[in-house]
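Trainee: Input file: query_5.txt. Contents: compact mmCIF, C-alpha atoms.
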# COMPACT_ATOMS: atom_id res chain seq x y z
CA MET A 282 -128.69 57.28 -224.78
CA SER A 283 -125.46 55.36 -225.30
CA VAL A 284 -122.46 55.90 -223.04
CA PRO A 285 -119.47 57.58 -224.73
CA SER A 286 -116.53 55.31 -225.41
CA ALA A 287 -113.20 55.27 -227.18
CA LYS A 288 -110.80 52.66 -228.47
CA PHE A 289 -107.11 53.05 -229.07
CA ASN A 290 -105.39 52.27 -232.36
CA THR A 291 -103.28 49.23 -231.45
CA LYS A 292 -101.59 49.30 -234.88
CA ASP A 293 -100.10 52.76 -234.38
CA ARG A 294 -96.37 52.29 -233.71
CA PRO A 295 -96.74 49.55 -231.06
CA GLU A 296 -92.97 49.10 -231.11
CA PHE A 297 -92.51 52.38 -229.20
CA PHE A 298 -93.94 51.14 -225.94
CA ARG A 299 -92.61 47.63 -226.44
CA VAL A 300 -89.05 48.96 -226.67
CA LEU A 301 -89.57 51.47 -223.87
CA ARG A 302 -91.06 48.89 -221.53
CA GLY A 303 -88.13 46.58 -222.20
CA ARG A 304 -85.58 49.30 -221.46
CA VAL A 305 -87.27 50.32 -218.23
CA SER A 306 -87.50 46.68 -217.17
CA ASP A 307 -83.77 46.28 -217.88
CA TYR A 308 -83.06 49.34 -215.73
CA PHE A 309 -84.56 47.70 -212.64
CA GLN A 310 -83.15 44.25 -213.37
CA GLU A 311 -79.61 45.46 -213.95
CA ARG A 312 -79.62 47.36 -210.66
CA ASN A 313 -81.54 44.65 -208.83
CA ILE A 314 -83.97 47.14 -207.31
CA SER A 315 -87.71 46.99 -206.81
CA ARG A 316 -90.18 49.04 -208.83
CA ASN A 317 -92.02 49.76 -205.60
CA GLY A 318 -91.31 52.14 -202.75
CA ASN A 319 -88.04 52.04 -200.83
CA LEU A 320 -86.82 53.42 -197.51
CA SER A 321 -87.12 57.01 -198.74
CA MET A 322 -90.79 56.34 -199.51
CA LYS A 323 -91.39 55.08 -195.98
CA LEU A 324 -89.62 58.08 -194.47
CA LYS A 325 -91.68 60.41 -196.64
CA THR A 326 -94.86 58.70 -195.47
CA VAL A 327 -93.91 59.30 -191.84
CA PHE A 328 -93.04 62.92 -192.61
CA MET A 329 -96.31 63.70 -194.41
CA LEU A 330 -98.46 62.04 -191.77
CA THR A 331 -96.53 63.90 -189.06
CA LEU A 332 -96.91 67.19 -190.93
CA TYR A 333 -100.67 66.63 -191.03
CA LEU A 334 -101.40 65.12 -187.61
CA THR A 335 -98.91 66.80 -185.25
CA PRO A 336 -100.45 70.30 -185.58
CA LEU A 337 -103.86 68.81 -184.78
CA ILE A 338 -102.50 67.09 -181.67
CA LEU A 339 -100.81 70.31 -180.53
CA MET A 340 -104.11 72.19 -180.88
CA LEU A 341 -106.26 69.56 -179.21
CA THR A 342 -103.91 69.23 -176.23
CA GLY A 343 -103.74 72.98 -175.69
CA VAL A 344 -100.03 73.29 -176.41
CA VAL A 345 -101.01 75.79 -179.12
CA SER A 346 -104.03 77.82 -178.07
CA SER A 347 -104.10 81.44 -179.28
CA PHE A 348 -105.58 82.42 -182.63
CA TRP A 349 -102.57 83.09 -184.85
CA PRO A 350 -100.58 80.05 -183.74
CA VAL A 351 -103.70 77.89 -184.18
CA PHE A 352 -104.25 79.41 -187.60
CA GLY A 353 -100.63 78.59 -188.42
CA MET A 354 -101.21 74.98 -187.34
CA PHE A 355 -104.10 74.70 -189.80
CA ILE A 356 -101.89 76.14 -192.55
CA ILE A 357 -99.26 73.48 -191.85
CA MET A 358 -102.00 70.83 -191.91
CA GLY A 359 -102.98 72.07 -195.37
CA PHE A 360 -99.51 71.27 -196.68
CA GLY A 361 -99.55 67.92 -194.90
CA MET A 362 -102.98 67.14 -196.32
CA SER A 363 -101.83 67.77 -199.87
CA GLY A 364 -98.61 65.87 -199.19
CA ILE A 365 -100.57 62.80 -198.13
CA GLY A 366 -102.56 62.98 -201.35
CA LEU A 367 -99.59 63.57 -203.64
CA SER A 368 -96.94 61.41 -201.99
CA VAL A 369 -98.64 58.58 -200.09
CA MET A 370 -102.17 57.56 -201.05
CA HIS A 371 -101.53 58.20 -204.75
CA ASP A 372 -98.89 55.46 -205.01
CA ALA A 373 -100.85 53.15 -202.72
CA ASN A 374 -104.00 53.37 -204.84
CA HIS A 375 -101.92 52.63 -207.94
CA GLY A 376 -100.50 49.54 -206.22
CA SER A 377 -96.96 50.89 -206.48
CA TYR A 378 -96.30 51.82 -202.86
CA SER A 379 -95.31 48.26 -201.96
CA ASP A 380 -94.99 44.83 -203.56
CA SER A 381 -97.53 43.67 -200.97
CA PRO A 382 -101.19 44.12 -202.01
CA THR A 383 -102.12 44.20 -198.33
CA VAL A 384 -99.78 47.11 -197.63
CA ASN A 385 -101.05 48.97 -200.69
CA ARG A 386 -104.62 48.47 -199.58
CA LEU A 387 -103.90 49.64 -196.03
CA MET A 388 -101.98 52.70 -197.23
CA SER A 389 -104.78 53.57 -199.65
CA TYR A 390 -107.02 54.04 -196.62
CA VAL A 391 -105.04 57.14 -195.58
CA LEU A 392 -107.34 58.93 -198.01
CA THR A 393 -109.93 58.64 -195.23
CA LEU A 394 -107.75 60.98 -193.14
CA VAL A 395 -108.42 63.77 -195.62
CA GLY A 396 -112.11 62.98 -196.07
CA GLY A 397 -112.12 60.98 -199.32
CA PHE A 398 -113.26 57.50 -200.39
CA HIS A 399 -110.48 55.49 -201.99
CA THR A 400 -112.66 53.35 -204.31
CA ASN A 401 -114.21 56.39 -205.97
CA TRP A 402 -110.73 57.87 -206.38
CA GLN A 403 -109.48 54.66 -207.99
CA ILE A 404 -112.34 54.72 -210.51
CA GLN A 405 -111.94 58.41 -211.38
CA HIS A 406 -108.16 58.40 -211.48
CA ASN A 407 -106.95 54.89 -212.34
CA VAL A 408 -109.80 53.72 -214.55
CA LEU A 409 -111.00 56.89 -216.29
CA HIS A 410 -108.21 59.48 -216.16
CA HIS A 411 -105.29 57.13 -216.79
CA SER A 412 -107.10 55.13 -219.45
CA TYR A 413 -108.61 58.08 -221.32
CA THR A 414 -106.42 61.07 -220.55
CA ASN A 415 -107.84 64.32 -222.02
CA VAL A 416 -110.68 62.47 -223.76
CA HIS A 417 -113.74 64.67 -223.34
CA GLY A 418 -116.65 62.56 -222.13
CA LEU A 419 -114.50 59.98 -220.35
CA ASP A 420 -111.74 61.76 -218.43
CA GLU A 421 -113.50 63.30 -215.43
CA ASP A 422 -110.46 65.42 -214.61
CA ILE A 423 -111.35 67.71 -217.52
CA ASP A 424 -115.14 67.31 -217.34
CA LYS A 425 -115.87 69.63 -214.42
CA GLY A 426 -118.74 71.66 -215.90
CA VAL A 427 -117.83 74.88 -214.08
CA MET A 428 -114.86 75.53 -216.36
CA ARG A 429 -113.83 74.83 -219.94
CA PHE A 430 -110.78 72.59 -219.98
CA CYS A 431 -111.13 71.18 -223.50
CA PRO A 432 -111.79 72.66 -226.99
CA THR A 433 -114.79 70.38 -227.63
CA GLN A 434 -116.59 71.54 -224.50
CA GLU A 435 -119.25 74.20 -224.91
CA ARG A 436 -118.01 77.71 -224.34
CA LYS A 437 -120.17 79.88 -222.07
CA ASP A 438 -119.89 83.62 -221.45
CA ILE A 439 -118.80 83.11 -217.85
CA PHE A 440 -115.80 81.12 -219.02
CA LYS A 441 -114.12 84.24 -220.40
CA TYR A 442 -113.12 84.96 -216.79
CA GLN A 443 -112.13 81.41 -215.87
CA ALA A 444 -108.39 82.07 -215.82
CA PHE A 445 -109.08 84.59 -213.03
CA TYR A 446 -111.56 82.62 -210.91
CA ALA A 447 -109.86 79.24 -211.43
CA PRO A 448 -107.56 79.55 -208.36
CA PHE A 449 -110.59 80.19 -206.14
CA LEU A 450 -112.41 77.12 -207.46
CA TYR A 451 -109.24 75.05 -207.18
CA GLY A 452 -109.05 75.99 -203.52
CA LEU A 453 -112.58 74.65 -202.98
CA MET A 454 -111.73 71.27 -204.49
CA THR A 455 -111.12 69.28 -201.30
CA ILE A 456 -114.03 70.77 -199.36
CA TYR A 457 -116.33 69.89 -202.27
CA TRP A 458 -114.80 66.42 -202.27
CA LEU A 459 -115.66 66.10 -198.58
CA ILE A 460 -119.29 67.21 -198.73
CA GLY A 461 -120.54 66.32 -202.21
CA LYS A 462 -118.23 64.80 -204.78
CA ASP A 463 -118.05 61.27 -203.39
CA PHE A 464 -121.85 60.97 -203.25
CA GLN A 465 -122.29 62.27 -206.80
CA GLN A 466 -119.60 59.95 -208.12
CA LEU A 467 -121.09 56.98 -206.31
CA SER A 468 -124.42 57.42 -208.06
CA ARG A 469 -122.78 57.93 -211.46
CA TYR A 470 -120.39 55.00 -211.12
CA HIS A 471 -123.21 52.75 -209.99
CA LYS A 472 -125.30 53.61 -213.07
CA ASN A 473 -122.32 52.98 -215.37
CA ASN A 474 -121.46 49.62 -213.71
CA LEU A 475 -118.05 50.95 -212.69
CA LEU A 476 -118.77 50.34 -209.03
CA ALA A 477 -119.64 46.69 -209.59
CA ALA A 478 -116.32 46.22 -211.41
CA GLN A 479 -114.62 47.12 -208.12
CA GLY A 480 -116.59 44.41 -206.30
CA LEU A 481 -118.89 46.81 -204.46
CA THR A 482 -122.65 47.24 -204.34
CA TYR A 483 -124.14 50.71 -204.13
CA ASN A 484 -125.42 50.24 -200.57
CA LYS A 485 -122.14 48.84 -199.31
CA ALA A 486 -120.14 51.67 -200.86
CA LEU A 487 -122.60 54.25 -199.51
CA PHE A 488 -122.18 52.79 -196.02
CA TYR A 489 -118.39 53.03 -196.31
CA ILE A 490 -118.56 56.64 -197.51
CA VAL A 491 -120.92 57.77 -194.75
CA PHE A 492 -118.99 55.89 -192.06
CA ASN A 493 -115.62 57.23 -193.26
CA LYS A 494 -116.82 60.80 -193.45
CA LEU A 495 -118.45 60.64 -190.01
CA CYS A 496 -115.17 59.37 -188.54
CA TYR A 497 -113.27 62.12 -190.34
CA ALA A 498 -115.72 64.79 -189.18
CA ALA A 499 -115.54 63.57 -185.57
CA VAL A 500 -111.74 63.86 -185.44
CA PHE A 501 -110.92 66.79 -187.72
CA ILE A 502 -114.02 68.98 -187.31
CA VAL A 503 -115.92 68.21 -184.10
CA LEU A 504 -112.91 67.71 -181.81
CA PRO A 505 -111.25 71.04 -182.74
CA PHE A 506 -114.51 72.92 -182.08
CA VAL A 507 -114.97 71.17 -178.73
CA MET A 508 -111.41 71.16 -177.42
CA ILE A 509 -109.79 74.33 -178.79
CA ASP A 510 -110.57 77.28 -176.54
CA LEU A 511 -111.27 79.82 -179.27
CA PRO A 512 -114.42 81.33 -180.79
CA TRP A 513 -116.03 78.97 -183.28
CA TRP A 514 -115.53 81.31 -186.22
CA GLN A 515 -111.78 81.44 -185.66
CA ILE A 516 -111.56 77.65 -185.70
CA LEU A 517 -113.74 77.54 -188.81
CA LEU A 518 -111.51 80.09 -190.51
CA GLY A 519 -108.45 77.96 -189.81
CA TYR A 520 -110.14 74.79 -191.02
CA LEU A 521 -111.27 76.43 -194.27
CA ALA A 522 -107.76 77.83 -194.80
CA MET A 523 -106.40 74.27 -194.46
CA GLN A 524 -108.86 73.00 -197.05
CA PHE A 525 -108.21 75.88 -199.43
CA ILE A 526 -104.43 75.45 -199.34
CA SER A 527 -104.69 71.70 -199.88
CA GLY A 528 -107.13 72.03 -202.77
CA LEU A 529 -105.07 74.74 -204.44
CA ILE A 530 -101.84 72.75 -204.20
CA LEU A 531 -103.43 69.57 -205.55
CA ALA A 532 -105.06 71.34 -208.49
CA LEU A 533 -101.95 73.33 -209.39
CA ILE A 534 -99.91 70.13 -209.54
CA PHE A 535 -102.34 68.02 -211.55
CA GLN A 536 -103.81 70.55 -213.99
CA PRO A 537 -100.52 71.84 -215.54
CA ALA A 538 -99.66 68.23 -216.33
CA HIS A 539 -102.47 67.91 -218.90
CA VAL A 540 -104.32 71.19 -219.47
CA VAL A 541 -101.61 73.27 -221.12
CA GLU A 542 -101.02 74.78 -224.54
CA GLU A 543 -98.90 71.90 -225.84
CA THR A 544 -101.08 68.89 -225.03
CA HIS A 545 -103.77 67.32 -227.22
CA PHE A 546 -107.47 66.74 -226.52
CA PHE A 547 -109.90 64.22 -227.96
CA GLN A 548 -113.63 63.51 -228.06
CA ALA A 549 -115.38 60.32 -227.00
CA GLU A 550 -118.22 59.37 -229.34
CA PRO A 551 -121.52 57.77 -228.18
CA THR A 552 -121.16 54.98 -230.74
CA GLY A 553 -117.54 54.25 -229.83
CA SER A 554 -114.70 55.38 -232.03
CA SER A 555 -111.05 54.60 -232.56
CA LEU A 556 -108.57 57.25 -231.45
CA GLU A 557 -105.76 57.85 -233.89
CA ASN A 558 -102.96 56.65 -231.59
CA ASN A 559 -102.19 53.67 -229.41
CA TRP A 560 -102.48 54.08 -225.66
CA ALA A 561 -98.81 54.88 -224.93
CA ILE A 562 -98.48 57.52 -227.64
CA HIS A 563 -101.82 58.97 -226.54
CA GLN A 564 -100.34 59.43 -223.06
CA MET A 565 -97.34 61.22 -224.56
CA GLN A 566 -99.58 63.56 -226.52
CA THR A 567 -101.80 64.45 -223.57
CA THR A 568 -99.25 64.77 -220.76
CA SER A 569 -96.51 67.24 -219.88
CA ASN A 570 -93.69 67.33 -217.32
CA PHE A 571 -92.42 70.35 -215.44
CA ALA A 572 -89.64 71.41 -213.05
CA ASN A 573 -87.81 68.11 -213.48
CA ASP A 574 -84.53 69.59 -212.21
CA SER A 575 -85.98 70.67 -208.86
CA THR A 576 -85.16 68.00 -206.27
CA PHE A 577 -87.14 69.30 -203.28
CA PHE A 578 -90.17 70.25 -205.36
CA SER A 579 -90.24 66.81 -206.96
CA TRP A 580 -89.89 65.21 -203.53
CA PHE A 581 -92.81 67.14 -202.03
CA VAL A 582 -95.22 66.63 -204.93
CA GLY A 583 -94.65 62.88 -205.07
CA GLY A 584 -92.75 62.96 -208.34
CA LEU A 585 -95.89 64.11 -210.13
CA ASN A 586 -93.95 66.75 -211.99
CA HIS A 587 -92.81 63.64 -213.92
CA GLN A 588 -96.34 62.99 -215.14
CA ILE A 589 -95.19 61.43 -218.41
CA GLU A 590 -93.34 58.68 -216.59
CA HIS A 591 -96.23 58.27 -214.18
CA HIS A 592 -98.81 57.85 -216.94
CA LEU A 593 -96.71 55.36 -218.84
CA PHE A 594 -95.74 53.38 -215.73
CA PRO A 595 -98.34 54.00 -213.00
CA ASN A 596 -97.33 50.71 -211.34
CA ILE A 597 -93.84 52.09 -210.63
CA CYS A 598 -93.39 54.09 -207.42
CA HIS A 599 -92.75 57.79 -207.93
CA VAL A 600 -89.34 57.65 -206.22
CA HIS A 601 -87.99 56.13 -209.47
CA TYR A 602 -89.50 58.56 -211.98
CA LYS A 603 -86.55 60.92 -212.22
CA ASP A 604 -84.17 58.00 -212.84
CA ILE A 605 -86.22 56.50 -215.67
CA SER A 606 -87.13 59.84 -217.25
CA ALA A 607 -83.94 59.89 -219.33
CA ILE A 608 -84.86 56.48 -220.77
CA VAL A 609 -88.37 57.66 -221.64
CA LYS A 610 -87.16 60.88 -223.24
CA GLN A 611 -84.47 59.16 -225.32
CA THR A 612 -86.88 56.49 -226.56
CA ALA A 613 -89.47 59.11 -227.45
CA GLU A 614 -86.90 60.97 -229.53
CA GLU A 615 -85.91 57.78 -231.34
CA PHE A 616 -89.51 57.05 -232.34
CA ASN A 617 -90.41 60.68 -233.07
CA VAL A 618 -92.94 60.76 -230.25
CA PRO A 619 -93.54 64.07 -228.43
CA TYR A 620 -92.09 64.59 -224.96
CA TYR A 621 -93.62 67.79 -223.58
CA GLN A 622 -92.00 69.52 -220.64
CA HIS A 623 -91.69 72.93 -219.00
CA LYS A 624 -88.41 73.88 -217.41
CA THR A 625 -89.96 75.37 -214.27
CA PHE A 626 -93.21 75.09 -212.34
CA LEU A 627 -93.93 78.75 -213.12
CA ASP A 628 -93.57 78.02 -216.85
CA ALA A 629 -96.13 75.23 -216.50
CA LEU A 630 -98.53 77.48 -214.58
CA LYS A 631 -98.16 80.20 -217.21
CA SER A 632 -99.00 77.73 -219.97
CA HIS A 633 -101.98 76.39 -218.01
CA PHE A 634 -103.56 79.76 -217.28
CA THR A 635 -102.80 81.08 -220.77
CA PHE A 636 -104.60 78.05 -222.20
CA LEU A 637 -107.54 78.53 -219.81
CA HIS A 638 -107.82 82.14 -220.94
CA LYS A 639 -107.73 81.19 -224.62
CA LEU A 640 -110.38 78.51 -224.11
CA GLY A 641 -112.57 80.83 -222.07
CA THR A 642 -112.45 83.78 -224.46
CA GLY A 643 -112.68 81.72 -227.63
CA LYS A 644 -109.26 82.83 -228.81
CA TYR A 645 -108.11 79.21 -229.00
CA ASP A 646 -111.04 78.30 -231.27
CA ARG A 647 -110.36 81.21 -233.60
CA GLU A 648 -106.65 80.44 -233.81
CA LEU A 649 -107.33 76.78 -234.50
CA ALA A 650 -109.99 77.49 -237.10
CA ALA A 651 -107.61 79.82 -238.95
CA ARG A 652 -104.88 77.21 -238.86
CA LEU A 653 -107.16 74.47 -240.17
CA VAL A 654 -108.29 76.67 -243.05
CA ALA A 655 -104.66 77.45 -243.86
CA GLU A 656 -103.90 73.73 -243.81
CA LYS A 657 -106.98 73.11 -246.00
CA GLN A 658 -108.68 70.80 -243.52
CA PRO A 659 -111.57 72.95 -242.22
CA ASN A 660 -113.66 69.91 -241.28
CA GLN A 661 -111.03 68.46 -238.95
CA LYS A 662 -112.32 68.03 -235.41
CA LEU A 663 -111.01 70.55 -232.93
CA ALA A 664 -110.13 67.91 -230.37
CA ASN A 665 -107.76 66.02 -232.61
CA VAL A 666 -105.45 68.92 -233.31
CA ALA A 667 -102.89 70.09 -230.76
If you took the structure in this file and wrote it as structure tokens, what would it be?

Mentor:
Amino acid sequence: MSVPSAKFNTKDRPEFFRVLRGRVSDYFQERNISRNGNLSMKLKTVFMLTLYLTPLILMLTGVVSSFWPVFGMFIIMGFGMSGIGLSVMHDANHGSYSDSPTVNRLMSYVLTLVGGFHTNWQIQHNVLHHSYTNVHGLDEDIDKGVMRFCPTQERKDIFKYQAFYAPFLYGLMTIYWLIGKDFQQLSRYHKNNLLAAQGLTYNKALFYIVFNKLCYAAVFIVLPFVMIDLPWWQILLGYLAMQFISGLILALIFQPAHVVEETHFFQAEPTGSSLENNWAIHQMQTTSNFANDSTFFSWFVGGLNHQIEHHLFPNICHVHYKDISAIVKQTAEEFNVPYYQHKTFLDALKSHFTFLHKLGTGKYDRELAARLVAEKQPNQKLANVA
């Protein structure tokens, strides 16, 4: 069985990204500023790590000891945990945190503090998601199996309720990542030679994963149970609340950036096929911004409400996304390239869950089929039509 693949159409309006890249480059050169993180990025790193680690220290030292305050500490840790993922390790694993590869590598290891393995994340996110955004069969962010995120995925009866049970599954994301996801990905990436491309053997990567997770478990699971003077079930309840909050926040930031009513979806073919657009325009068609006018929200989520800018320039630190967004939007308008955005975060969530409901109930398929018939192209693939 051949592995699905996809190629981009390099002849499709290559001037769009060439012009855009030049304008963004001019922006940094004219202001004589680095594309990487600045002082605000360093201060944010300290804040997020403090938000995550200080509550743990307060619990372990007995400063906070009764149930509700301890539970509150775990809640705060949940926000810190998601903040580390959104605002620190994300830039580091993209190589945009610093102009020093050593610093980027060291900061990428903070993923260990939340129970993940950075190499697997780099393969899933940098290699597959960023290269093949919303391409069914290649982008693992939409190939979850337990939900239908794409029109070309098989629709099952259970999916008709997915818009209702999605938040619950989203909340389980980080706990699943801790106990199962990394091991499953490791096996899959090894078989597809993606692990070797990162300079790792299967056994070496497995050792790193097991060692990292044991260290994480010792500090963030075993120590609280040993040192916090509360019944075990109360500590467990707090820990699971931390995981649920973190998973929910992460999912609700990433999913409305791609799985919404406006964005496009595509299908990877086993024999390898050419997508209709070049890579940059493909990113514009499959990505959406939201809440770009909200300063604090953008700060907390690591600028990932500017997903369009992030996907076009993943090597630029997120602290610059808002400043270059006007350049991207103007250039897109000049070349008649879509620039999808929702005014508020709630608008983006509404679009996401509406789309999930339509995919789950089959309403999307019926609407699309009717439109294709009206446009006299009934044989057009579902995935290639917005």

Trainee: If you count all atoms listed in the file, which residues fall within 12 Å of A:Phe492, apart from same-chain ones fewer than 6 positions away, as a ChimeraX atom specification?

Mentor: /A:393,396-398,485-486,498-499

Trainee: Hey, can you spit out that residue selection with C-alpha atoms as a CSV table (one decimal), keeping the file's coordinate frame?

Mentor:
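Generated output (selection_39.csv):
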chain,number,residue,atom,x,y,z
A,393,THR,CA,-109.9,58.6,-195.2
A,396,GLY,CA,-112.1,63.0,-196.1
A,397,GLY,CA,-112.1,61.0,-199.3
A,398,PHE,CA,-113.3,57.5,-200.4
A,485,LYS,CA,-122.1,48.8,-199.3
A,486,ALA,CA,-120.1,51.7,-200.9
A,498,ALA,CA,-115.7,64.8,-189.2
A,499,ALA,CA,-115.5,63.6,-185.6

Trainee: Using 10 Å as the limit and counting all atoms listed in the file, can you tabulate each residue of stretch 295-359 of chain A that touches stretch 614-632 of chain A, with its shortest atom-to-atom distance in Å and the two atoms involved, as a Markdown table?

Mentor:
| residue | atom | partner | partner_atom | distance |
| --- | --- | --- | --- | --- |
| A:Glu296 | CA | A:Phe616 | CA | 8.8 |
| A:Phe297 | CA | A:Phe616 | CA | 6.4 |
| A:Phe298 | CA | A:Phe616 | CA | 9.8 |
| A:Val300 | CA | A:Phe616 | CA | 9.9 |

Trainee: Have a look at A:Leu367, A:Val416, A:Leu517, A:Ile502 and name the one nearest to A:Lys325; count all atoms listed in the file.

Mentor: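 Ranking A:Leu367, A:Val416, A:Leu517, A:Ile502 by distance to A:Lys325, first place goes to A:Leu367.
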
Trainee: Would you mind telling me which residue in A:Cys598, A:His375, A:Gly366, A:Glu421 lies nearest to A:Leu409 when using only C-alpha atoms?

Mentor: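 Checking each of A:Cys598, A:His375, A:Gly366, A:Glu421 against A:Leu409, counting only C-alpha atoms, the winner is A:Glu421.
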
Trainee: Taking only residues of stretch 363-464 of chain A that have an atom at most 10 Å from an atom of stretch 561-572 of chain A, what is each one's shortest atom pair and its distance in Å to one decimal, using all atoms listed in the file, in chain and number order, as JSON lines?

Mentor:
{"residue": "A:His411", "atom": "CA", "partner": "A:Gln564", "partner_atom": "CA", "distance": 8.3}
{"residue": "A:Ser412", "atom": "CA", "partner": "A:Gln564", "partner_atom": "CA", "distance": 8.8}
{"residue": "A:Tyr413", "atom": "CA", "partner": "A:Gln564", "partner_atom": "CA", "distance": 8.6}
{"residue": "A:Thr414", "atom": "CA", "partner": "A:Thr567", "partner_atom": "CA", "distance": 6.5}
{"residue": "A:Asn415", "atom": "CA", "partner": "A:Thr567", "partner_atom": "CA", "distance": 6.2}
{"residue": "A:Val416", "atom": "CA", "partner": "A:Thr567", "partner_atom": "CA", "distance": 9.1}

Trainee: Supply stretch 321-334 of chain A as a PDB file, keeping the file's coordinate frame, with N, CA and C atoms built in where the input has gaps.

Mentor:
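Saved result, selection_16.pdb, follows:
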ATOM      1  N   SER A 321     -86.790  55.587-198.625  1.00  0.00           N
ATOM      2  CA  SER A 321     -87.120  57.010-198.740  1.00  0.00           C
ATOM      3  C   SER A 321     -88.634  57.211-198.826  1.00  0.00           C
ATOM      4  N   MET A 322     -89.337  56.252-199.435  1.00  0.00           N
ATOM      5  CA  MET A 322     -90.790  56.340-199.510  1.00  0.00           C
ATOM      6  C   MET A 322     -91.414  56.185-198.126  1.00  0.00           C
ATOM      7  N   LYS A 323     -90.877  55.285-197.340  1.00  0.00           N
ATOM      8  CA  LYS A 323     -91.390  55.080-195.980  1.00  0.00           C
ATOM      9  C   LYS A 323     -91.136  56.303-195.116  1.00  0.00           C
ATOM     10  N   LEU A 324     -89.942  56.877-195.241  1.00  0.00           N
ATOM     11  CA  LEU A 324     -89.620  58.080-194.470  1.00  0.00           C
ATOM     12  C   LEU A 324     -90.508  59.243-194.881  1.00  0.00           C
ATOM     13  N   LYS A 325     -90.791  59.343-196.168  1.00  0.00           N
ATOM     14  CA  LYS A 325     -91.680  60.410-196.640  1.00  0.00           C
ATOM     15  C   LYS A 325     -93.085  60.228-196.091  1.00  0.00           C
ATOM     16  N   THR A 326     -93.537  58.989-196.019  1.00  0.00           N
ATOM     17  CA  THR A 326     -94.860  58.700-195.470  1.00  0.00           C
ATOM     18  C   THR A 326     -94.960  59.177-194.030  1.00  0.00           C
ATOM     19  N   VAL A 327     -93.940  58.868-193.237  1.00  0.00           N
ATOM     20  CA  VAL A 327     -93.910  59.300-191.840  1.00  0.00           C
ATOM     21  C   VAL A 327     -93.906  60.827-191.763  1.00  0.00           C
ATOM     22  N   PHE A 328     -93.120  61.459-192.631  1.00  0.00           N
ATOM     23  CA  PHE A 328     -93.040  62.920-192.610  1.00  0.00           C
ATOM     24  C   PHE A 328     -94.384  63.552-192.940  1.00  0.00           C
ATOM     25  N   MET A 329     -95.040  63.096-193.992  1.00  0.00           N
ATOM     26  CA  MET A 329     -96.310  63.700-194.410  1.00  0.00           C
ATOM     27  C   MET A 329     -97.401  63.481-193.374  1.00  0.00           C
ATOM     28  N   LEU A 330     -97.464  62.289-192.800  1.00  0.00           N
ATOM     29  CA  LEU A 330     -98.460  62.040-191.770  1.00  0.00           C
ATOM     30  C   LEU A 330     -98.187  62.888-190.526  1.00  0.00           C
ATOM     31  N   THR A 331     -96.906  63.055-190.192  1.00  0.00           N
ATOM     32  CA  THR A 331     -96.530  63.900-189.060  1.00  0.00           C
ATOM     33  C   THR A 331     -96.875  65.350-189.321  1.00  0.00           C
ATOM     34  N   LEU A 332     -96.611  65.801-190.551  1.00  0.00           N
ATOM     35  CA  LEU A 332     -96.910  67.190-190.930  1.00  0.00           C
ATOM     36  C   LEU A 332     -98.402  67.476-190.821  1.00  0.00           C
ATOM     37  N   TYR A 333     -99.213  66.473-191.050  1.00  0.00           N
ATOM     38  CA  TYR A 333    -100.670  66.630-191.030  1.00  0.00           C
ATOM     39  C   TYR A 333    -101.242  66.461-189.620  1.00  0.00           C
ATOM     40  N   LEU A 334    -100.766  65.479-188.881  1.00  0.00           N
ATOM     41  CA  LEU A 334    -101.400  65.120-187.610  1.00  0.00           C
ATOM     42  C   LEU A 334    -100.813  65.844-186.402  1.00  0.00           C
TER      43      LEU A 334
END
